[in-house]
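A.B. asks: Here it is: the structure, laid out below.
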Amino acid sequence: MGKNYAGQADRDAIEAQSTWEDRDLPKTMHAMLADVKNRFGTRPAFSYQLTSGPTDPNETLSWNEVYDRSCQTANLLRGLGVGEDDVVAYVLPNATETLDVLLGGMIAGIVNPINPLLEPEQISAILRETGAKVVVTLRPFPKTDLAQKVAEAVKDAPGVTHVLEVDLLRYLTGIKKFIVPLIRPKVAASHHATTLAFNAERAKQNKTLDFADSTGDRVAAYFHTGGTTGMPKVAQHKYSGMVYNGFLGHTLLFDEHEVIMCPLPLFHVFAVHVILMAMIRSGAHVVFPTPQGYRGDGVFDNFWKLVERYQVTFMITVPTAISALMQRAVDADISSLKMAFSGSSPLPVELYKRFEKACNVTITEGYGLTEATCLVSINPPDGEKKIGSIGIPFPYCDVQIRAVADGAVMGADKIGEICVSNPGVFAGNTYTEADKNVGLYWDEKYLRTGDLGRIDPDGYLWITGRAKDLIIRGGHNIDPAEIEEALAGHEDVAFAGAIGQPDAHAGEIPCAYVELVAGSTATVEDLMAHCEEHVHERAAWPKYIELMDELPKTAVGKIFKPDLRRAAITRIYNKALADAGVSAQVVSVLEDKKRGLVAQLSKSGEVSDTAVTTVLGEFTRPWEWAD
């Protein structure tokens with residue numbers, strides 16, 4: 001590791017050096033890139049592979065080349081009418097061109113990354129909300145319908161004037177390069193915008209800016225916070241928030257000698273702000289394997305060999321990826337690897353231990369959110385790690401636990417809503433729609449995250465629940481309301497409640513409990529098929545539906561979800577124990593003020609704690625023996 005960050009003493013020392021406002025840091029994206037170019041221009045910056053093989057062709061850019069391509073892209077966008085207040089959206093998988101558009105878009109105007117897994121109606125809704133003028137996406141290519149989806153979306157986004165297409169053909173070699181043009185799919189949908197080839201147009205541009213850079217801080221990115229409903233919220237990110245993320249990564253974690261493996265999507269704040277901004281400030285080298293990252297063909301099978309190929313020192317991961325990697329042997333020399341950073345959702349303790357034992361590598365967990373331009377806290381890499389916690393707040397980050405009802409500040413170990421004030425929080429203007437900012441802050445400063453948690457006496461932050469009941473599937477936020485609304489649209493459904501049931505791989509997966517209209521005949525299979533038709537995103541389709549005579553409800557008729565969660569925990573844990581041949585059963589699920597829902601077990605024979613922990617340690621919810 002290039003840095004040593006051991007915890008609160010280091011954080012306090014950093015804050016004592018200077019106020020955040022007085023730090024001498026670049027103010028714009030162009031200034032950040034020019035600075036890293038001047039310091040580390042010839043060093044490797046960004047590597048990309050279309051396919052995952054450890055000897056497959058790759059493309060590596062130096063910091064000089066990243067700067068040149070970013071300026072070319074910014075000049076291209078300005079030529080297409082994108083000013084500082086105009087939006088360029090991209091709907092792309094990971095590729096070198098995705099980096100070009102991300103950085104060039106921030107220099108020229110406001111960049112708007114969009115999840116390419118969304119359906120056309122969601123993509124179109126985002127384009128209309130942000131007023132996107134230019135859209136960058138793929139040229140039609142085998143095994144992807146992205147070009148078709150974006151063409152459909154642009155038809156309903158009248159503000160779009162130009163579509164720029166990225167052709168992945170240039171990454172291919174051998175016979176594939178000749179075959180793809182012959183089998184390239186056609187796009188039936190037509191739209192009003194002018195279509196151009198991105199790389200051809202970029203190559204015509206100068207490698208220095210043709211226009212004056214921004215004079216200071218401004219909004220430079222829009223990130224949507226979901227997409228499983230018709231209109232996700234869009235968060236506004238300023239240069240200052242991105243500089244803050246870069247400062248933290250450079251100051252606490254990375255120097256120019258680090259090599260970071262980041263198989264995460266470049267439409268998400270984790271990859272864009274936490275990782276790329278840190279690379280730009282530190283001069284480190286980042287590797288993005290395959291268009292789909294961890295989802296790409298062969299990435300898990302080849303992961304350790306890729307670590308060896310690039311001499312990776314720091315891997316970026318999420319619990320679902322760690323779970324998949326632990327199902328494969330460590331089949332390469334990974335002695336260069338020093339640290340893994342896991343985020344997006346809680347990491348089960350047993351999975352944490354298994355990874356460290358198999359790889360001889362320490363995991364550090366962090367916490368962030370889109371609305372705060374990401375980073376909030378981290379378990380210090382070189383200090384005490386409290387497994388299950390999300391660590392201590394970063395320098396210049398003020399975290400408070402406040403009562404949900406009135407905003408009163410809570411004391412140590414008291415559970416309330418996690419509220420954040422730091423340079424990444426655009427207080428008062430977090431979302432593009434003003435009405436969505438109402439009630440979002442306490443004291444016009446502290447962002448209400450919607451997460452429930454506590455701060456222990458040592459200053460470590462713990463998440464205990466979610467105020468808004470989001471289902472977090474492998475770090476992906478799913479709004480249960482969409483599942484419930486879809487089910488409610490079935491003529492036989494009286495009430496429906498959707499929750500996240502425990503899952504050893506994804507942390508949570510969606511499930512639903514349904515109360516039918518009296519005398520109706522709908523089956524579970526009927527309701528599953530209905531969800532597949534009416535829930536827009538595949539990830540949100542419930543994996544389990546249970547019919548109940550009557551759903552648990554409060555005195556005012558609201559579905560009481562804690563009882564549904566208890567039922568799901570009991571069902572999943574008992575099945576896991578039975579499948580493993582462990583003679584123990586869940587007899588109750590109780591609410592603990594510090595730990596959330598806790599499964600209480602009884603045993604019907606000789607059962608060791610180790611046997612139960614081996615099975616239930618795969619899940620994030622704790623267990624204990626009943627009295």
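Ordered as shown in the structure tokens, chains take letters A, B, and onward, while each chain numbers its residues from 1 and ligands are numbered from 1 in the order shown.
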Please extract the residues of region 199-292 of chain A with a backbone DSSP assignment of strand (DSSP E) and present them as a PyMOL selection string.
C.D. replies: chain A and resi 219-224+234-238+259-261+285-289
A.B. asks: Set the distance at 6 Å and use only C-alpha atoms: which residues neighbour Ile260 (chain A) once local chain neighbours fewer than 5 positions away are removed? I'd like the list as a ChimeraX atom specification.
C.D. replies: /A:286,312,314-315
A.B. asks: For N, CA, C and O atoms, I'd like the residues from the last selection saved as a compact mmCIF listing (two decimals), in the first residue's frame.
C.D. replies:
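What landed in selection.txt:
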# COMPACT_ATOMS: atom_id res chain seq x y z
N VAL A 286 -5.56 2.01 -13.10
CA VAL A 286 -6.78 1.26 -12.87
C VAL A 286 -7.06 0.34 -14.05
O VAL A 286 -6.81 0.69 -15.21
N VAL A 312 -1.76 -6.45 -9.73
CA VAL A 312 -2.73 -5.64 -9.00
C VAL A 312 -2.36 -5.59 -7.52
O VAL A 312 -2.02 -6.60 -6.90
N PHE A 314 -4.53 -3.60 -5.35
CA PHE A 314 -5.74 -3.19 -4.62
C PHE A 314 -6.94 -3.58 -5.47
O PHE A 314 -7.06 -3.13 -6.62
N MET A 315 -7.84 -4.42 -4.98
CA MET A 315 -9.02 -4.81 -5.75
C MET A 315 -10.27 -4.17 -5.17
O MET A 315 -10.42 -4.04 -3.95
A.B. asks: Which neighbours of Ile509 (chain A) fall inside 7 Å, counting only C-alpha atoms, when residues of the same chain fewer than 4 positions from it are skipped, and could you give them as a list in words?
C.D. replies: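 Skipping anything fewer than 4 positions along the chain leaves Arg473, Gly500, Gln501, Pro502, Asp503 and Lys543 of chain A.
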A.B. asks: Show me a table, sorted first by chain and then by increasing residue number, of the residues of region 436-524 of chain A having an atom at most 8 Å from region 591-608 of chain A, each with its shortest atom pair and the distance in Å to one decimal, counting only C-alpha atoms and written as JSON lines.
C.D. replies:
{"residue": "A:Arg454", "atom": "CA", "partner": "A:Lys594", "partner_atom": "CA", "distance": 7.6}
{"residue": "A:Thr464", "atom": "CA", "partner": "A:Gly596", "partner_atom": "CA", "distance": 5.4}
{"residue": "A:Gly465", "atom": "CA", "partner": "A:Gly596", "partner_atom": "CA", "distance": 6.9}
A.B. asks: Can I get the selected residues back with all heavy atoms, as a PDB file, in the first residue's frame?
C.D. replies:
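New file out-v2.pdb:
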ATOM      1  N   ARG A 454     -26.173   3.583  14.053  1.00  0.00           N
ATOM      2  CA  ARG A 454     -25.699   4.088  15.333  1.00  0.00           C
ATOM      3  C   ARG A 454     -24.196   4.320  15.247  1.00  0.00           C
ATOM      4  O   ARG A 454     -23.516   3.776  14.374  1.00  0.00           O
ATOM      5  CB  ARG A 454     -25.993   3.091  16.462  1.00  0.00           C
ATOM      6  CG  ARG A 454     -25.285   1.752  16.281  1.00  0.00           C
ATOM      7  CD  ARG A 454     -25.676   0.742  17.361  1.00  0.00           C
ATOM      8  NE  ARG A 454     -25.097  -0.582  17.098  1.00  0.00           N
ATOM      9  CZ  ARG A 454     -23.914  -0.995  17.537  1.00  0.00           C
ATOM     10  NH1 ARG A 454     -23.167  -0.172  18.276  1.00  0.00           N
ATOM     11  NH2 ARG A 454     -23.462  -2.193  17.252  1.00  0.00           N
ATOM     12  N   THR A 464     -28.082  -0.358  10.809  1.00  0.00           N
ATOM     13  CA  THR A 464     -28.994  -1.318  11.431  1.00  0.00           C
ATOM     14  C   THR A 464     -30.277  -1.534  10.626  1.00  0.00           C
ATOM     15  O   THR A 464     -31.049  -2.442  10.927  1.00  0.00           O
ATOM     16  CB  THR A 464     -29.377  -0.854  12.850  1.00  0.00           C
ATOM     17  OG1 THR A 464     -30.000   0.440  12.772  1.00  0.00           O
ATOM     18  CG2 THR A 464     -28.150  -0.754  13.745  1.00  0.00           C
ATOM     19  N   GLY A 465     -30.517  -0.726   9.630  1.00  0.00           N
ATOM     20  CA  GLY A 465     -31.733  -0.885   8.836  1.00  0.00           C
ATOM     21  C   GLY A 465     -31.851   0.238   7.821  1.00  0.00           C
ATOM     22  O   GLY A 465     -30.956   1.070   7.687  1.00  0.00           O
TER      23      GLY A 465
END
A.B. asks: Find the spatial neighbours of Ala278 (chain A), counting only C-alpha atoms, within a cut-off of 8 Å - ignore same-chain residues fewer than 6 positions away - and output them as a list in words.
C.D. replies: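 Counting only the stated atoms, we get Asn245, Gly246, Phe247, Leu248, Gly249, His250, Phe254 and Ala284 of chain A.
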A.B. asks: So that I can check the surroundings of region 22-25 of chain A, please list as a list in words every protein, DNA and RNA residue that reaches within 10 Å of it, counting only C-alpha atoms and ignoring chain neighbours fewer than 2 positions away.
C.D. replies: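 Near region 22-25 of chain A, the qualifying residues are Gln17, Ser18, Thr19, Trp20, Lys27, Thr28, Ala31, Met32, Asp35, Ser240, Val243, Tyr244, Phe247 and Arg281 of chain A.
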A.B. asks: Could you pull the residues within 9 Å of region 548-551 of chain A, counting only C-alpha atoms, minus those fewer than 2 positions along the same chain, as a ChimeraX atom specification?
C.D. replies: /A:495-497,513-516,546,553,559-560,564
A.B. asks: Using Å and a single decimal, report how far CA of Glu258 (chain A) sits from CA of Ile334 (chain A).
C.D. replies: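 If I compute the distance from CA of Ile334 (chain A) to CA of Glu258 (chain A), I get 14.3 Å.
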A.B. asks: Go ahead and compute the interatomic distance for CA of Thr130 (chain A) and CA of Ala157 (chain A), in Å to one decimal.
C.D. replies: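 One can read the CA of Thr130 (chain A) to CA of Ala157 (chain A) distance as 10.1 Å.
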A.B. asks: Per DSSP on the backbone, what are the alpha helix (DSSP H) residues of region 154-319 of chain A, as a count of residues only?
C.D. replies: 52
A.B. asks: With only C-alpha atoms as the counted atoms, please give the residues lying no more than 7 Å from region 88-95 of chain A, apart from itself and same-chain residues fewer than 5 positions off, as a list in words.
C.D. replies: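 Everything that qualifies: Tyr48, Gly105, Ile110, Val111, Asn112, Pro113, Ile114, Asn115, Pro116, Ala132, Lys133, Val134, Val135, Val136, Thr137, Leu138, Pro265, Leu266, Thr290, Pro291 and Gln292 of chain A.
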